[in-house]
>>> print(open('model.tsv').read())   # TSV, C-alpha atoms
chain	number	residue	atom	x	y	z
A	1	MET	CA	24.66	260.22	220.20
A	2	GLU	CA	24.83	256.80	218.52
A	3	SER	CA	27.36	257.87	215.88
A	4	ARG	CA	29.60	259.33	218.55
A	5	GLY	CA	29.63	256.02	220.38
A	6	ARG	CA	30.75	254.23	217.21
A	7	ALA	CA	33.59	256.72	216.70
A	8	ASP	CA	34.71	256.24	220.29
A	9	ARG	CA	34.81	252.48	219.82
A	10	ARG	CA	36.87	252.87	216.65
A	11	VAL	CA	39.38	255.05	218.49
A	12	ASP	CA	39.58	252.51	221.32
A	13	TYR	CA	40.25	249.74	218.81
A	14	ASN	CA	43.12	251.69	217.24
A	15	VAL	CA	44.61	252.43	220.63
A	16	GLN	CA	44.43	248.76	221.61
A	17	ARG	CA	45.95	247.60	218.34
A	18	ARG	CA	49.37	249.11	219.08
A	19	ARG	CA	50.51	248.24	222.58
A	20	LEU	CA	54.09	249.47	222.15
A	21	PHE	CA	55.30	252.90	221.07
A	22	ARG	CA	57.22	253.42	217.84
A	23	VAL	CA	60.44	255.39	217.65
A	24	PRO	CA	61.44	257.03	214.35
A	25	VAL	CA	64.98	255.71	213.97
A	26	SER	CA	67.06	254.34	211.11
A	27	ILE	CA	68.68	251.02	211.86
A	28	GLU	CA	70.20	248.51	209.49
A	29	LEU	CA	68.09	245.52	208.47
A	30	LYS	CA	68.90	242.33	206.61
A	31	LEU	CA	65.76	240.72	205.20
A	32	CYS	CA	65.32	237.45	203.35
A	33	LEU	CA	62.50	238.42	201.00
A	34	ASP	CA	62.04	235.31	198.87
A	35	ALA	CA	59.51	236.96	196.55
A	36	SER	CA	61.75	239.96	195.90
A	37	PRO	CA	62.61	240.71	192.26
A	38	VAL	CA	65.99	242.08	193.36
A	39	SER	CA	67.20	239.20	195.54
A	40	HIS	CA	70.31	237.53	194.20
A	41	ASP	CA	71.00	233.88	195.03
A	42	GLY	CA	69.34	234.05	198.44
A	43	GLU	CA	71.38	237.01	199.65
A	44	PRO	CA	69.48	239.10	202.20
A	45	ALA	CA	68.31	242.56	201.19
A	46	ARG	CA	70.03	245.36	203.15
A	47	LEU	CA	67.97	248.41	204.04
A	48	THR	CA	67.14	250.76	206.89
A	49	THR	CA	64.03	251.19	209.01
A	50	LEU	CA	61.75	254.19	209.21
A	51	ASP	CA	60.66	253.30	212.73
A	52	ILE	CA	60.74	250.42	215.18
A	53	SER	CA	58.90	249.22	218.27
A	54	GLY	CA	58.79	246.10	220.38
A	55	GLY	CA	55.96	244.85	218.16
A	56	GLY	CA	57.35	245.53	214.70
A	57	LEU	CA	58.98	247.97	212.32
A	58	SER	CA	58.52	249.72	208.99
A	59	PHE	CA	60.77	250.38	206.01
A	60	LEU	CA	60.67	251.64	202.43
A	61	TRP	CA	60.82	249.11	199.62
A	62	ALA	CA	60.73	249.54	195.85
A	63	TYR	CA	58.11	246.82	195.34
A	64	PRO	CA	54.78	246.07	197.01
A	65	LEU	CA	54.56	243.10	199.35
A	66	LYS	CA	51.38	241.15	200.02
A	67	ILE	CA	49.69	241.43	203.41
A	68	ALA	CA	50.54	238.43	205.62
A	69	HIS	CA	53.73	237.69	203.60
A	70	THR	CA	56.22	236.32	206.14
A	71	PHE	CA	60.00	236.50	206.02
A	72	GLU	CA	63.04	236.28	208.24
A	73	GLY	CA	65.29	239.16	209.10
A	74	THR	CA	67.89	240.59	211.43
A	75	ALA	CA	67.93	244.07	212.96
A	76	CYS	CA	71.22	245.62	214.05
A	77	LEU	CA	70.72	247.70	217.21
A	78	LYS	CA	73.72	249.99	217.73
A	79	THR	CA	74.27	251.55	221.14
A	80	GLN	CA	77.19	253.15	222.93
A	81	ASN	CA	78.06	249.74	224.40
A	82	GLY	CA	78.30	248.03	221.00
A	83	GLN	CA	75.79	246.43	218.70
A	84	ARG	CA	73.25	243.68	219.06
A	85	LEU	CA	71.86	241.54	216.24
A	86	VAL	CA	68.19	240.70	216.76
A	87	PRO	CA	66.84	237.91	214.54
A	88	PHE	CA	63.08	237.81	213.91
A	89	THR	CA	60.35	236.48	211.68
A	90	GLY	CA	57.97	239.17	210.51
A	91	ALA	CA	54.64	239.37	208.71
A	92	VAL	CA	53.58	242.27	206.50
A	93	VAL	CA	50.59	244.08	208.03
A	94	GLY	CA	50.61	247.15	205.77
A	95	CYS	CA	51.83	248.27	202.37
A	96	VAL	CA	51.24	251.91	201.39
A	97	LYS	CA	52.46	253.54	198.19
A	98	GLN	CA	54.48	256.71	198.83
A	99	PRO	CA	54.69	259.84	196.65
A	100	ASP	CA	58.21	258.86	195.53
A	101	GLN	CA	56.80	255.60	194.05
A	102	SER	CA	58.27	253.42	196.80
A	103	TYR	CA	56.19	251.45	199.31
A	104	ARG	CA	56.11	251.83	203.07
A	105	ILE	CA	56.04	248.29	204.42
A	106	SER	CA	54.80	247.78	207.99
A	107	VAL	CA	55.90	244.56	209.64
A	108	GLN	CA	54.73	242.85	212.81
A	109	PHE	CA	57.09	240.53	214.66
A	110	VAL	CA	55.52	237.06	214.67
A	111	GLN	CA	58.48	235.09	216.00
A	112	ILE	CA	60.90	236.79	218.34
A	113	THR	CA	62.10	235.68	221.76
A	114	GLU	CA	60.94	237.70	224.73
A	115	ALA	CA	64.57	238.50	225.59
A	116	GLU	CA	65.09	239.97	222.10
A	117	ARG	CA	61.77	241.84	222.25
A	118	SER	CA	62.90	243.31	225.59
A	119	GLU	CA	66.17	244.34	223.95
A	120	VAL	CA	64.24	246.15	221.19
A	121	ILE	CA	62.01	247.89	223.75
A	122	ARG	CA	65.08	248.94	225.77
A	123	TYR	CA	66.66	250.30	222.56
A	124	CYS	CA	63.48	252.25	221.77
A	125	MET	CA	63.44	253.76	225.25
A	126	LEU	CA	67.10	254.80	224.96
A	127	LYS	CA	66.46	256.45	221.59
A	128	GLN	CA	63.40	258.24	222.93
A	129	ILE	CA	65.44	259.60	225.85
A	130	GLU	CA	68.19	260.72	223.43
A	131	MET	CA	65.64	262.56	221.26
A	132	ARG	CA	64.06	264.21	224.31
A	133	ASN	CA	67.46	265.37	225.58
A	134	LYS	CA	68.42	266.76	222.16
A	135	LEU	CA	65.13	268.64	221.98
A	136	ARG	CA	65.54	269.94	225.53
A	137	ASN	CA	69.05	271.23	224.73
A	138	TYR	CA	67.80	272.78	221.48
A	139	LEU	CA	65.05	274.76	223.24
A	140	ILE	CA	67.36	276.24	225.91
>>> encode(input="model.tsv", output="structure tokens")
Amino acid sequence: MESRGRADRRVDYNVQRRRLFRVPVSIELKLCLDASPVSHDGEPARLTTLDISGGGLSFLWAYPLKIAHTFEGTACLKTQNGQRLVPFTGAVVGCVKQPDQSYRISVQFVQITEAERSEVIRYCMLKQIEMRNKLRNYLI
């Protein structure tokens, strides 16, 4: 019985850790990674996300980044009504090597206005509805 209680607490911790749902979507990012071996004269690195939520995002990068490394970036949220640039400061919370020798970098937003966080959450909800509707049409 005791070991089961520990497992239940671990599951509860993981559930509490992520308050916002992630949506697997590719959006354009511009990141100012100062420690990057490929940055040229302070130009931001351009890449795309693997997923995004109101609390953070993840992307693939050719080099490992240290946990707690902070950087500034801008996410470009494209909708039918246009596009919105969302500036943020993020901190690396995970760095996992992938089979293709790249690294999956997980980032938590540490500085983002609540209005911009709400915009990201709204974008995630729209994308989730789009995916659900596509799946619904595919199954019919």
>>> closest_residue(input="model.tsv", among="A:Pro64, A:Gly54, A:Gly90, A:Pro44", to="A:Cys124", atoms="only C-alpha atoms")
A:Gly54
>>> atom_distance(input="model.tsv", atom1="atom CA of A:Tyr123", atom2="atom CA of A:Leu85")
12.0 Å
>>> atom_distance(input="model.tsv", atom1="atom CA of A:Val92", atom2="atom CA of A:Met131")
27.8 Å
>>> atom_distance(input="model.tsv", atom1="atom CA of A:Asn137", atom2="atom CA of A:Ser26")
21.8 Å
>>> residues_around(input="model.tsv", residues="A:Val107", least_positions_apart="5", cutoff="6 Å", atoms="only C-alpha atoms", output="ChimeraX atom specification")
/A:56-58,90-93
>>> closest_residue(input="model.tsv", among="A:Asp100, A:Val25, A:Leu33, A:Leu20", to="A:Leu65", atoms="all atoms listed in the file")
A:Leu33
>>> residues_near_point(input="model.tsv", point="(68.4, 237.4, 224.3)", cutoff="10 Å", atoms="only C-alpha atoms", output="PyMOL selection string")
chain A and resi 84-87+112-119
>>> write_last_selection(input="model.tsv", atoms="C-alpha atoms", output="compact mmCIF listing (two decimals), in the frame of the given file")
# COMPACT_ATOMS: atom_id res chain seq x y z
CA ARG A 84 73.25 243.68 219.06
CA LEU A 85 71.86 241.54 216.24
CA VAL A 86 68.19 240.70 216.76
CA PRO A 87 66.84 237.91 214.54
CA ILE A 112 60.90 236.79 218.34
CA THR A 113 62.10 235.68 221.76
CA GLU A 114 60.94 237.70 224.73
CA ALA A 115 64.57 238.50 225.59
CA GLU A 116 65.09 239.97 222.10
CA ARG A 117 61.77 241.84 222.25
CA SER A 118 62.90 243.31 225.59
CA GLU A 119 66.17 244.34 223.95
>>> residues_near_point(input="model.tsv", point="(70.1, 251.4, 204.1)", cutoff="12 Å", atoms="only C-alpha atoms", output="list in words")
Val25, Ser26, Ile27, Glu28, Leu29, Lys30, Leu31, Ala45, Arg46, Leu47, Thr48, Thr49, Leu50, Phe59, Leu60, Trp61, Ala75 and Cys76 of chain A
>>> build_atoms(input="model.tsv", residues="stretch 99-110 of chain A", atoms="all heavy atoms", output="mmCIF file, in the coordinates of the input")
data_model
loop_
_atom_site.group_PDB
_atom_site.id
_atom_site.type_symbol
_atom_site.label_atom_id
_atom_site.label_comp_id
_atom_site.auth_asym_id
_atom_site.auth_seq_id
_atom_site.Cartn_x
_atom_site.Cartn_y
_atom_site.Cartn_z
ATOM 1 N N PRO A 99 54.609 258.925 197.793
ATOM 2 C CA PRO A 99 54.690 259.840 196.650
ATOM 3 C C PRO A 99 55.917 259.620 195.762
ATOM 4 O O PRO A 99 55.876 259.908 194.570
ATOM 5 C CB PRO A 99 54.740 261.224 197.294
ATOM 6 C CG PRO A 99 54.130 261.049 198.634
ATOM 7 C CD PRO A 99 54.443 259.644 199.054
ATOM 8 N N ASP A 100 57.001 259.093 196.324
ATOM 9 C CA ASP A 100 58.210 258.860 195.530
ATOM 10 C C ASP A 100 58.196 257.499 194.826
ATOM 11 O O ASP A 100 59.229 257.012 194.387
ATOM 12 C CB ASP A 100 59.460 258.997 196.401
ATOM 13 C CG ASP A 100 59.539 257.934 197.492
ATOM 14 O OD1 ASP A 100 58.564 257.166 197.658
ATOM 15 O OD2 ASP A 100 60.571 257.872 198.173
ATOM 16 N N GLN A 101 57.025 256.879 194.737
ATOM 17 C CA GLN A 101 56.800 255.600 194.050
ATOM 18 C C GLN A 101 57.382 254.397 194.781
ATOM 19 O O GLN A 101 57.410 253.307 194.242
ATOM 20 C CB GLN A 101 57.327 255.642 192.600
ATOM 21 C CG GLN A 101 56.741 256.748 191.761
ATOM 22 C CD GLN A 101 55.209 256.705 191.720
ATOM 23 O OE1 GLN A 101 54.633 255.676 191.510
ATOM 24 N NE2 GLN A 101 54.572 257.840 191.924
ATOM 25 N N SER A 102 57.859 254.569 196.006
ATOM 26 C CA SER A 102 58.270 253.420 196.800
ATOM 27 C C SER A 102 57.079 252.995 197.672
ATOM 28 O O SER A 102 56.021 253.610 197.622
ATOM 29 C CB SER A 102 59.476 253.769 197.670
ATOM 30 O OG SER A 102 59.126 254.777 198.588
ATOM 31 N N TYR A 103 57.251 251.962 198.456
ATOM 32 C CA TYR A 103 56.190 251.450 199.310
ATOM 33 C C TYR A 103 56.668 251.412 200.752
ATOM 34 O O TYR A 103 57.770 250.944 201.036
ATOM 35 C CB TYR A 103 55.781 250.031 198.878
ATOM 36 C CG TYR A 103 55.124 250.010 197.531
ATOM 37 C CD1 TYR A 103 55.875 249.937 196.372
ATOM 38 C CD2 TYR A 103 53.749 250.086 197.423
ATOM 39 C CE1 TYR A 103 55.277 249.934 195.129
ATOM 40 C CE2 TYR A 103 53.125 250.077 196.180
ATOM 41 C CZ TYR A 103 53.905 250.007 195.038
ATOM 42 O OH TYR A 103 53.298 250.014 193.815
ATOM 43 N N ARG A 104 55.826 251.918 201.640
ATOM 44 C CA ARG A 104 56.110 251.830 203.070
ATOM 45 C C ARG A 104 55.541 250.507 203.553
ATOM 46 O O ARG A 104 54.330 250.288 203.539
ATOM 47 C CB ARG A 104 55.485 252.988 203.839
ATOM 48 C CG ARG A 104 55.796 252.924 205.322
ATOM 49 C CD ARG A 104 55.092 254.020 206.090
ATOM 50 N NE ARG A 104 55.454 253.940 207.482
ATOM 51 C CZ ARG A 104 56.060 254.900 208.156
ATOM 52 N NH1 ARG A 104 56.348 256.038 207.548
ATOM 53 N NH2 ARG A 104 56.370 254.745 209.411
ATOM 54 N N ILE A 105 56.420 249.618 203.979
ATOM 55 C CA ILE A 105 56.040 248.290 204.420
ATOM 56 C C ILE A 105 56.048 248.263 205.946
ATOM 57 O O ILE A 105 57.070 248.562 206.566
ATOM 58 C CB ILE A 105 57.022 247.216 203.883
ATOM 59 C CG1 ILE A 105 57.218 247.347 202.374
ATOM 60 C CG2 ILE A 105 56.575 245.829 204.294
ATOM 61 C CD1 ILE A 105 56.003 247.095 201.543
ATOM 62 N N SER A 106 54.904 247.924 206.540
ATOM 63 C CA SER A 106 54.800 247.780 207.990
ATOM 64 C C SER A 106 54.827 246.300 208.334
ATOM 65 O O SER A 106 54.103 245.499 207.738
ATOM 66 C CB SER A 106 53.507 248.402 208.500
ATOM 67 O OG SER A 106 53.476 249.777 208.208
ATOM 68 N N VAL A 107 55.658 245.951 209.295
ATOM 69 C CA VAL A 107 55.900 244.560 209.640
ATOM 70 C C VAL A 107 55.612 244.349 211.129
ATOM 71 O O VAL A 107 55.994 245.168 211.961
ATOM 72 C CB VAL A 107 57.373 244.176 209.348
ATOM 73 C CG1 VAL A 107 57.679 242.767 209.798
ATOM 74 C CG2 VAL A 107 57.680 244.359 207.878
ATOM 75 N N GLN A 108 54.961 243.249 211.423
ATOM 76 C CA GLN A 108 54.730 242.850 212.810
ATOM 77 C C GLN A 108 55.623 241.658 213.102
ATOM 78 O O GLN A 108 55.728 240.733 212.294
ATOM 79 C CB GLN A 108 53.268 242.457 212.999
ATOM 80 C CG GLN A 108 52.929 241.992 214.392
ATOM 81 C CD GLN A 108 51.460 241.609 214.518
ATOM 82 O OE1 GLN A 108 50.733 241.555 213.537
ATOM 83 N NE2 GLN A 108 51.037 241.363 215.731
ATOM 84 N N PHE A 109 56.284 241.674 214.270
ATOM 85 C CA PHE A 109 57.090 240.530 214.660
ATOM 86 C C PHE A 109 56.162 239.373 215.007
ATOM 87 O O PHE A 109 55.280 239.521 215.856
ATOM 88 C CB PHE A 109 57.964 240.846 215.882
ATOM 89 C CG PHE A 109 58.982 241.932 215.657
ATOM 90 C CD1 PHE A 109 59.239 242.867 216.636
ATOM 91 C CD2 PHE A 109 59.699 242.004 214.472
ATOM 92 C CE1 PHE A 109 60.190 243.862 216.445
ATOM 93 C CE2 PHE A 109 60.649 243.000 214.268
ATOM 94 C CZ PHE A 109 60.890 243.930 215.265
ATOM 95 N N VAL A 110 56.343 238.226 214.353
ATOM 96 C CA VAL A 110 55.520 237.060 214.670
ATOM 97 C C VAL A 110 56.317 235.997 215.426
ATOM 98 O O VAL A 110 55.743 235.219 216.175
ATOM 99 C CB VAL A 110 54.855 236.440 213.416
ATOM 100 C CG1 VAL A 110 53.812 237.366 212.852
ATOM 101 C CG2 VAL A 110 55.870 236.077 212.360
#
